[in-house]
Structure formats: C-alpha cells, structure tokens
>>> print(open('work.txt').read())   # compact mmCIF, C-alpha atoms and all ligand atoms
# COMPACT_ATOMS: atom_id res chain seq x y z
CA MET A 24 -159.58 78.56 -22.01
CA SER A 25 -160.98 75.19 -21.14
CA GLY A 26 -161.77 74.22 -24.78
CA THR A 27 -164.77 72.42 -26.15
CA ARG A 28 -165.11 68.89 -24.82
CA TYR A 29 -165.90 66.19 -27.33
CA GLY A 30 -167.19 62.98 -25.82
CA ALA A 31 -166.63 61.78 -22.31
CA GLY A 32 -162.80 61.94 -22.22
CA GLY A 33 -160.86 58.66 -22.57
CA SER A 34 -159.37 56.60 -19.80
CA ALA A 35 -155.68 57.12 -18.96
CA ALA A 36 -155.12 53.43 -18.20
CA PRO A 37 -154.56 52.04 -21.76
CA ALA A 38 -152.08 54.82 -22.62
CA LEU A 39 -150.24 54.32 -19.32
CA LEU A 40 -150.08 50.53 -19.77
CA LEU A 41 -148.79 50.83 -23.34
CA ALA A 42 -146.16 53.40 -22.32
CA ILE A 43 -144.97 51.16 -19.45
CA PHE A 44 -144.88 48.15 -21.78
CA LEU A 45 -142.72 50.08 -24.29
CA ILE A 46 -140.27 51.13 -21.58
CA LEU A 47 -139.96 47.56 -20.24
CA PHE A 48 -139.58 46.26 -23.82
CA VAL A 49 -136.70 48.69 -24.46
CA ALA A 50 -135.05 47.79 -21.14
CA ALA A 51 -135.29 44.02 -21.83
CA THR A 52 -133.89 44.41 -25.37
CA VAL A 53 -130.99 46.60 -24.25
CA TYR A 54 -130.22 44.06 -21.48
CA LEU A 55 -130.08 41.14 -23.97
CA PHE A 56 -127.43 42.94 -26.03
CA ALA A 57 -125.52 44.71 -23.25
CA ALA A 58 -125.18 41.55 -21.13
CA GLN A 59 -124.02 39.58 -24.23
CA VAL A 60 -126.34 36.70 -23.46
CA TYR A 61 -125.36 35.00 -26.75
CA PRO A 62 -121.71 35.98 -27.25
CA ALA A 63 -119.94 35.30 -30.55
CA PRO A 64 -116.87 33.03 -30.38
CA PRO A 65 -113.60 35.02 -30.19
CA PRO A 66 -112.25 36.16 -33.58
CA ILE A 67 -109.18 34.35 -34.99
CA SER A 68 -107.95 36.93 -37.50
CA HIS A 69 -107.24 40.64 -37.72
CA ASP A 70 -110.02 41.08 -40.29
CA ALA A 71 -112.45 39.27 -37.99
CA ALA A 72 -111.59 41.73 -35.21
CA LEU A 73 -112.26 44.60 -37.66
CA VAL A 74 -115.64 43.07 -38.51
CA ASP A 75 -116.46 42.83 -34.79
CA ARG A 76 -115.57 46.49 -34.28
CA GLN A 77 -117.72 47.50 -37.23
CA TYR A 78 -120.58 45.32 -35.96
CA ASN A 79 -120.43 46.94 -32.52
CA LEU A 80 -120.38 50.41 -34.08
CA THR A 81 -123.44 49.61 -36.20
CA LEU A 82 -125.16 48.05 -33.20
CA CYS A 83 -124.51 51.22 -31.15
CA ALA A 84 -125.88 53.53 -33.87
CA ALA A 85 -128.95 51.35 -34.46
CA GLY A 86 -129.37 50.84 -30.68
CA ILE A 87 -129.41 54.58 -29.95
CA ALA A 88 -131.96 55.14 -32.73
CA PHE A 89 -134.06 52.25 -31.39
CA ILE A 90 -134.00 53.52 -27.78
CA LEU A 91 -134.84 57.13 -28.78
CA ALA A 92 -137.64 56.04 -31.13
CA GLN A 93 -139.30 53.64 -28.68
CA LEU A 94 -139.02 55.97 -25.66
CA GLY A 95 -140.32 58.82 -27.86
CA LEU A 96 -143.25 56.60 -28.80
CA ALA A 97 -143.93 55.81 -25.12
CA TYR A 98 -143.88 59.54 -24.33
CA ALA A 99 -146.22 60.39 -27.23
CA VAL A 100 -148.65 57.61 -26.30
CA TRP A 101 -148.91 59.07 -22.79
CA ARG A 102 -148.66 62.79 -23.57
CA PHE A 103 -151.21 62.81 -26.41
CA ARG A 104 -153.66 60.32 -24.91
CA ASP A 105 -157.39 60.78 -25.34
CA ARG A 106 -158.64 63.36 -22.87
CA GLY A 107 -161.81 63.97 -24.81
CA GLN A 108 -160.10 66.78 -26.78
CA ARG A 109 -160.58 67.35 -30.46
CA ALA A 110 -157.86 65.76 -32.61
CA ARG A 111 -155.73 68.29 -34.48
CA PHE A 112 -154.50 67.60 -38.02
CA ILE A 113 -150.80 68.35 -38.60
CA PRO A 114 -149.79 68.53 -42.29
CA GLY A 115 -146.14 67.60 -41.56
CA ASN A 116 -142.99 69.53 -40.82
CA VAL A 117 -140.54 70.07 -43.67
CA ALA A 118 -137.65 71.11 -41.42
CA LEU A 119 -137.98 67.94 -39.33
CA GLU A 120 -138.29 65.74 -42.43
CA VAL A 121 -135.11 67.22 -43.90
CA LEU A 122 -133.30 66.92 -40.58
CA TRP A 123 -133.96 63.24 -39.90
CA THR A 124 -133.46 62.25 -43.54
CA CYS A 125 -130.03 63.92 -43.46
CA VAL A 126 -129.10 62.36 -40.11
CA THR A 127 -130.08 58.90 -41.40
CA LEU A 128 -128.15 59.46 -44.62
CA ILE A 129 -125.01 60.55 -42.77
CA VAL A 130 -125.17 57.63 -40.32
CA PHE A 131 -125.72 55.01 -43.06
CA VAL A 132 -123.15 56.36 -45.52
CA GLY A 133 -120.69 56.88 -42.63
CA LEU A 134 -121.07 53.28 -41.43
CA GLY A 135 -120.67 52.04 -44.99
CA VAL A 136 -117.45 54.01 -45.52
CA LEU A 137 -116.06 52.89 -42.15
CA GLY A 138 -116.96 49.25 -42.83
CA ARG A 139 -115.48 49.24 -46.31
CA ARG A 140 -112.04 48.04 -45.15
CA ALA A 141 -113.32 45.24 -42.93
CA TRP A 142 -115.29 43.83 -45.84
CA ALA A 143 -113.09 44.65 -48.81
CA ASP A 144 -109.88 43.29 -47.22
CA ALA A 145 -111.13 39.74 -47.60
CA ARG A 146 -112.35 40.20 -51.15
CA PHE A 147 -110.98 43.02 -53.29
CA VAL A 148 -107.47 43.43 -51.94
CA PRO A 149 -105.31 40.98 -53.93
CA SER A 150 -103.65 38.38 -51.73
CA PRO A 151 -99.88 38.79 -51.20
CA SER A 152 -97.63 36.73 -53.48
CA ASN A 153 -96.62 34.40 -50.62
CA ALA A 154 -100.27 33.46 -49.94
CA VAL A 155 -101.12 29.76 -49.69
CA GLN A 156 -103.62 28.96 -52.44
CA ILE A 157 -106.23 26.31 -51.71
CA GLU A 158 -109.17 25.48 -53.91
CA VAL A 159 -112.54 24.85 -52.25
CA THR A 160 -115.14 22.93 -54.25
CA THR A 161 -118.68 22.60 -52.98
CA ASN A 162 -121.33 20.19 -54.12
CA GLN A 163 -124.42 18.61 -52.59
CA PHE A 164 -123.49 18.24 -49.73
CA VAL A 165 -119.75 18.21 -49.18
CA TYR A 166 -116.69 20.44 -49.25
CA THR A 167 -113.60 19.22 -51.09
CA PHE A 168 -110.26 20.99 -50.72
CA ARG A 169 -107.44 20.84 -53.24
CA TYR A 170 -103.78 21.73 -52.66
CA PRO A 171 -101.55 22.30 -55.70
CA GLY A 172 -98.83 19.92 -54.41
CA PRO A 173 -95.02 20.33 -54.58
CA ASP A 174 -95.12 21.88 -58.08
CA GLY A 175 -97.30 24.74 -56.82
CA LYS A 176 -99.65 24.35 -59.79
CA PHE A 177 -103.25 23.20 -59.88
CA GLY A 178 -103.91 20.59 -62.55
CA ARG A 179 -106.58 21.09 -65.18
CA LEU A 180 -110.18 20.16 -64.32
CA ASP A 181 -112.56 18.63 -66.82
CA PRO A 182 -116.18 17.95 -65.83
CA SER A 183 -116.26 14.80 -67.98
CA PHE A 184 -113.76 13.16 -65.57
CA ILE A 185 -115.87 13.87 -62.46
CA SER A 186 -116.52 10.57 -60.69
CA ALA A 187 -116.73 10.40 -56.91
CA PRO A 188 -116.88 6.54 -56.85
CA ALA A 189 -113.65 6.41 -58.90
CA GLY A 190 -111.97 8.75 -56.40
CA ASN A 191 -112.03 11.80 -58.69
CA PRO A 192 -114.77 14.03 -57.28
CA LEU A 193 -113.26 17.18 -58.82
CA GLY A 194 -112.72 15.84 -62.34
CA LEU A 195 -108.91 16.11 -62.45
CA ASP A 196 -107.69 15.56 -65.99
CA PRO A 197 -105.31 12.53 -65.82
CA ASN A 198 -103.54 13.79 -68.95
CA ASP A 199 -102.36 16.98 -67.23
CA GLY A 200 -99.06 16.44 -65.44
CA ALA A 201 -99.58 19.47 -63.18
CA GLY A 202 -102.50 17.67 -61.54
CA ARG A 203 -100.60 14.44 -60.63
CA ASP A 204 -99.34 15.84 -57.33
CA ASP A 205 -102.54 17.72 -56.42
CA ALA A 206 -103.79 16.71 -52.97
CA VAL A 207 -107.57 16.38 -52.58
CA VAL A 208 -108.82 16.21 -48.98
CA ALA A 209 -112.04 16.62 -47.01
CA THR A 210 -110.68 18.87 -44.24
CA LEU A 211 -109.21 22.34 -44.72
CA ILE A 212 -105.76 22.52 -43.11
CA VAL A 213 -103.93 25.85 -43.09
CA PRO A 214 -100.74 27.14 -41.44
CA VAL A 215 -101.16 29.76 -38.69
CA ASP A 216 -100.16 33.40 -39.39
CA ARG A 217 -99.82 32.85 -43.15
CA PRO A 218 -102.04 34.62 -45.69
CA ILE A 219 -104.44 32.12 -47.26
CA GLU A 220 -106.25 32.57 -50.55
CA LEU A 221 -109.25 30.31 -51.02
CA LEU A 222 -110.64 29.80 -54.52
CA LEU A 223 -114.33 29.02 -54.11
CA ARG A 224 -116.14 26.91 -56.70
CA SER A 225 -119.40 25.02 -56.91
CA GLN A 226 -120.30 22.00 -59.03
CA ASP A 227 -124.07 22.27 -58.77
CA VAL A 228 -126.04 24.93 -56.88
CA ILE A 229 -125.11 27.98 -54.81
CA HIS A 230 -123.44 26.94 -51.55
CA ASN A 231 -121.64 29.00 -48.96
CA PHE A 232 -118.39 28.96 -47.03
CA PHE A 233 -118.82 30.31 -43.51
CA VAL A 234 -116.47 30.16 -40.54
CA ARG A 235 -117.84 32.05 -37.54
CA GLU A 236 -114.44 32.62 -35.93
CA LEU A 237 -113.13 34.20 -39.17
CA ARG A 238 -116.33 36.28 -39.54
CA LEU A 239 -116.03 35.21 -43.15
CA GLN A 240 -119.02 34.24 -45.24
CA GLN A 241 -118.92 33.88 -49.01
CA ASP A 242 -121.19 32.20 -51.53
CA ALA A 243 -119.80 29.61 -53.92
CA VAL A 244 -121.48 30.11 -57.29
CA PRO A 245 -121.49 27.58 -60.17
CA GLY A 246 -119.39 28.80 -63.09
CA MET A 247 -117.34 31.21 -61.00
CA VAL A 248 -114.06 31.03 -59.08
CA ILE A 249 -114.38 33.44 -56.17
CA PRO A 250 -111.22 34.31 -54.22
CA VAL A 251 -111.36 35.09 -50.49
CA ASN A 252 -108.43 35.94 -48.25
CA PHE A 253 -107.77 35.44 -44.58
CA THR A 254 -104.91 35.00 -42.15
CA ALA A 255 -105.76 32.92 -39.10
CA ASP A 256 -103.73 33.91 -36.02
CA ARG A 257 -104.79 31.13 -33.66
CA ILE A 258 -104.16 27.37 -33.75
CA GLY A 259 -107.30 25.30 -33.36
CA THR A 260 -110.17 23.48 -35.03
CA PHE A 261 -113.18 25.43 -36.27
CA GLU A 262 -116.35 24.48 -38.09
CA ILE A 263 -117.07 25.36 -41.71
CA VAL A 264 -120.77 25.49 -42.50
CA CYS A 265 -122.88 26.07 -45.58
CA THR A 266 -125.33 28.94 -45.07
CA GLN A 267 -127.20 28.75 -48.36
CA LEU A 268 -130.26 26.50 -48.44
CA CYS A 269 -128.87 24.14 -51.10
CA GLY A 270 -131.09 21.05 -50.89
CA LEU A 271 -132.28 18.29 -48.60
CA GLY A 272 -128.83 17.67 -47.08
CA HIS A 273 -128.08 21.37 -46.48
CA ASN A 274 -128.43 21.09 -42.70
CA ASN A 275 -125.68 18.48 -42.68
CA MET A 276 -123.24 20.26 -45.02
CA HIS A 277 -120.20 21.13 -42.99
CA SER A 278 -116.49 20.49 -42.68
CA LEU A 279 -113.59 21.49 -40.46
CA LEU A 280 -110.94 24.18 -40.65
CA ARG A 281 -107.78 23.12 -38.85
CA VAL A 282 -105.30 25.92 -38.19
CA VAL A 283 -101.92 24.28 -37.42
CA SER A 284 -98.32 25.32 -36.87
CA GLN A 285 -96.05 25.71 -39.90
CA ALA A 286 -94.23 22.47 -38.92
CA ASP A 287 -97.49 20.51 -38.72
CA TYR A 288 -98.57 22.00 -42.03
CA ASP A 289 -95.29 20.97 -43.69
CA SER A 290 -95.64 17.41 -42.43
CA PHE A 291 -99.26 17.34 -43.69
CA LEU A 292 -98.00 18.38 -47.14
CA ARG A 293 -95.24 15.72 -47.02
CA ARG A 294 -97.79 13.03 -46.10
CA GLN A 295 -100.00 14.11 -49.01
CA ALA A 296 -97.06 14.08 -51.42
CA ALA A 297 -96.13 10.55 -50.25
CA THR A 298 -99.60 9.13 -50.94
CA PRO A 299 -100.02 8.46 -54.66
CU1 LIG A 301 -124.56 23.71 -49.36
CU2 LIG A 301 -126.27 24.49 -47.95
>>> encode(input="work.txt", output="structure tokens")
Amino acid sequence: MSGTRYGAGGSAAPALLLAIFLILFVAATVYLFAAQVYPAPPPISHDAALVDRQYNLTLCAAGIAFILAQLGLAYAVWRFRDRGQRARFIPGNVALEVLWTCVTLIVFVGLGVLGRRAWADARFVPSPSNAVQIEVTTNQFVYTFRYPGPDGKFGRLDPSFISAPAGNPLGLDPNDGAGRDDAVVATLIVPVDRPIELLLRSQDVIHNFFVRELRLQQDAVPGMVIPVNFTADRIGTFEIVCTQLCGLGHNNMHSLLRVVSQADYDSFLRRQAATP
C-alpha cells in the first residue's frame, strides 16, 4: 500500500547533512581522546596509577555510550526523515525503558564500586604508623608547611598569636615547648617511597591542595583538619595549585612539592633543626 501522502514530501538534504555532521562530530571527538592530544603528566604514585586506570575505564564506558547514542541519532535522523508521511505517535516502550535504566544503573554502580579503592586509599584508609606527618595550612593566598621537628610533636596553635610580619603565620604558641623545634617552610619537601600523611587546614576560606602528578585533590576547609595520604615513588619537583576560587589572588596561589631522596630529606631536616 502506498499510503496517504500528506504535503509535498520533505527534502532529503537537511537530514543527510545533519547525519553526516553527527558522524564527523563523533569521529573528531573520538580522535581527540584516542590520540591523547592533551596527555596528563605521568603519575608519581601507585594510587595515581589506580586513578588513571579508573579514569580510562570510565572514559571507555562513557565513550561507548556516547558513540552509540550519537550514531543512533544520525541513523534516526536519516531513517525517519520527512517523506511527506503522516507522523505516528508512539506512547513509549516499557521494556526498553526498563532495559536502559538497568544498564545505566549497573554501569554507574559498577564504576563506583571499582573506583572506591582508588579514591578511598588516599582518604579513609588510616596512614601506616611510620608515615611522615606534615601539616599544610592554607590562607589567602599561600601554602605554609609545618614539620614537627626532632621531637616528632606538633606544637600547639593559638589564633591570637598569628602574625605573618612577626614570622609566626601559623600562630604557634611560644609557651608550648613541643612547638619550639617545629619547622615552618613555604615548600613541601617529602622523602621518596615513604608514606606521607598531610593534615590540611585553612585559616580563612576554602582552598584546595592539588598535585596533578599525584592525581590528588582535596579541599582545605576552615575549622577542620583533613588528612590525606600519598606515597610518591619518583624524585622530582611538582606544582601544587589551589583549585578553589578563593579570592582575587586565587590564580596565583601555588607552591612546590619536592620529592627527594631519604638522604636529602634527612639533611633538610638537620638544616631546619639548626636554624632557630
Ligand atoms: Cu586558594 Cu584558590
């Protein structure tokens, strides 16, 4: 049966052009990712490698869904183009709805469960007892790092003693003996292959501690001490940046992470202990 014709019958050109555009768009997008046009710097810890693996897995799942959806759209645009036929109303398909809701649920929950370790390792797993503890204090717009010194104990902090001009940006209480040997520096220096536990604090607004090579990003929140763990397995100098918009100087808020050998780390600690 030829069917009743409604109207003149549309042109095939717009549908064809849109379908071709969609196919080229998919091809260009897949190329950008597959060719790694903007590669991430190599990871410098085991956890960072886990994060990379998880990222690639998520990218693959989302990429397959993206390719299928866009090519399906291109096909539908062409296949169901206006030929002058009467449009048919479809009230939906329960079986299909249930199917793709379940598939989405399984993929998302599955990725979450798989990614749990990569994320939780740096946060919820307590650091081993031999971890090097370093306190990180953020304020507009600097990072300040504190080492507990030879006694292994951080001295008490009291906000009323905070005075950057007087050389006490953290507010170390001069009456607490444990704080006398604390070393306060502007660059984070850590020994290679040793577990590090950072204690993140903020004196004013929410800042962030982000090192690309560690794939580690954690907010520093006023009133909280947030622990994060990592073990860097490569010697080198890496940038620490703040990724929370924290004020006018935010774009310039950064510091350096220097991963050094155990011998270099020991001599750094000795130099700090020698300076009063
Ligand atoms: Cu601190 Cu942005």
>>> closest_residue(input="work.txt", among="A:Val130, A:Val228, A:Ile46, A:Ile113", to="A:Pro245", atoms="all atoms listed in the file")
A:Val228
>>> residues_around(input="work.txt", residues="A:Ile212", least_positions_apart="3", cutoff="10 Å", atoms="all atoms listed in the file", output="PyMOL selection string")
chain A and resi 157+168+170+208-209+215+260+279-283+287-288+291-292
>>> residues_near_ligand(input="work.txt", ligand="ligand LIG 301 (chain A)", cutoff="12 Å", atoms="all atoms listed in the file", output="number ranges by chain")
A: 160-167, 224-233, 241-245, 263-278
>>> residues_around(input="work.txt", residues="A:Leu180", least_positions_apart="6", cutoff="9 Å", atoms="all atoms listed in the file", output="list in words")
Leu193, Gly194, Leu195, Asp196, Asp199 and Gly202 of chain A
>>> write_last_selection(input="work.txt", atoms="C-alpha atoms", output="mmCIF file, in the frame of the given file")
data_model
loop_
_atom_site.group_PDB
_atom_site.id
_atom_site.type_symbol
_atom_site.label_atom_id
_atom_site.label_comp_id
_atom_site.auth_asym_id
_atom_site.auth_seq_id
_atom_site.Cartn_x
_atom_site.Cartn_y
_atom_site.Cartn_z
ATOM 1 C CA LEU A 193 -113.260 17.180 -58.820
ATOM 2 C CA GLY A 194 -112.720 15.840 -62.340
ATOM 3 C CA LEU A 195 -108.910 16.110 -62.450
ATOM 4 C CA ASP A 196 -107.690 15.560 -65.990
ATOM 5 C CA ASP A 199 -102.360 16.980 -67.230
ATOM 6 C CA GLY A 202 -102.500 17.670 -61.540
#
>>> atom_distance(input="work.txt", atom1="atom CA of A:Ala201", atom2="atom CA of A:Gly172")
8.8 Å
>>> atom_distance(input="work.txt", atom1="atom CA of A:Arg169", atom2="atom CA of A:Asp205")
6.6 Å
>>> closest_atom_pairs(input="work.txt", of="stretch 183-240 of chain A", to="stretch 142-149 of chain A", cutoff="10 Å", atoms="all atoms listed in the file", output="Markdown table")
| residue | atom | partner | partner_atom | distance |
| --- | --- | --- | --- | --- |
| A:Glu220 | CA | A:Pro149 | CA | 9.1 |
| A:Arg238 | CA | A:Trp142 | CA | 9.9 |
| A:Leu239 | CA | A:Ala145 | CA | 8.0 |
| A:Gln240 | CA | A:Ala145 | CA | 9.9 |
>>> residues_around(input="work.txt", residues="A:Gln93", least_positions_apart="6", cutoff="9 Å", atoms="all atoms listed in the file", output="PyMOL selection string")
chain A and resi 45-46+48-49
>>> closest_residue(input="work.txt", among="A:Pro173, A:Pro37, A:Pro250, A:Pro192", to="A:Arg104", atoms="only C-alpha atoms")
A:Pro37
>>> atom_distance(input="work.txt", atom1="atom CA of A:Ser152", atom2="atom CA of A:Ala255")
17.0 Å
>>> closest_residue(input="work.txt", among="A:Ala42, A:Ile90, A:Leu80, A:Ala99", to="A:Tyr54", atoms="all atoms listed in the file")
A:Ile90
>>> closest_residue(input="work.txt", among="A:Gln59, A:Ile258, A:Met247, A:Leu94", to="A:Leu47", atoms="all atoms listed in the file")
A:Leu94
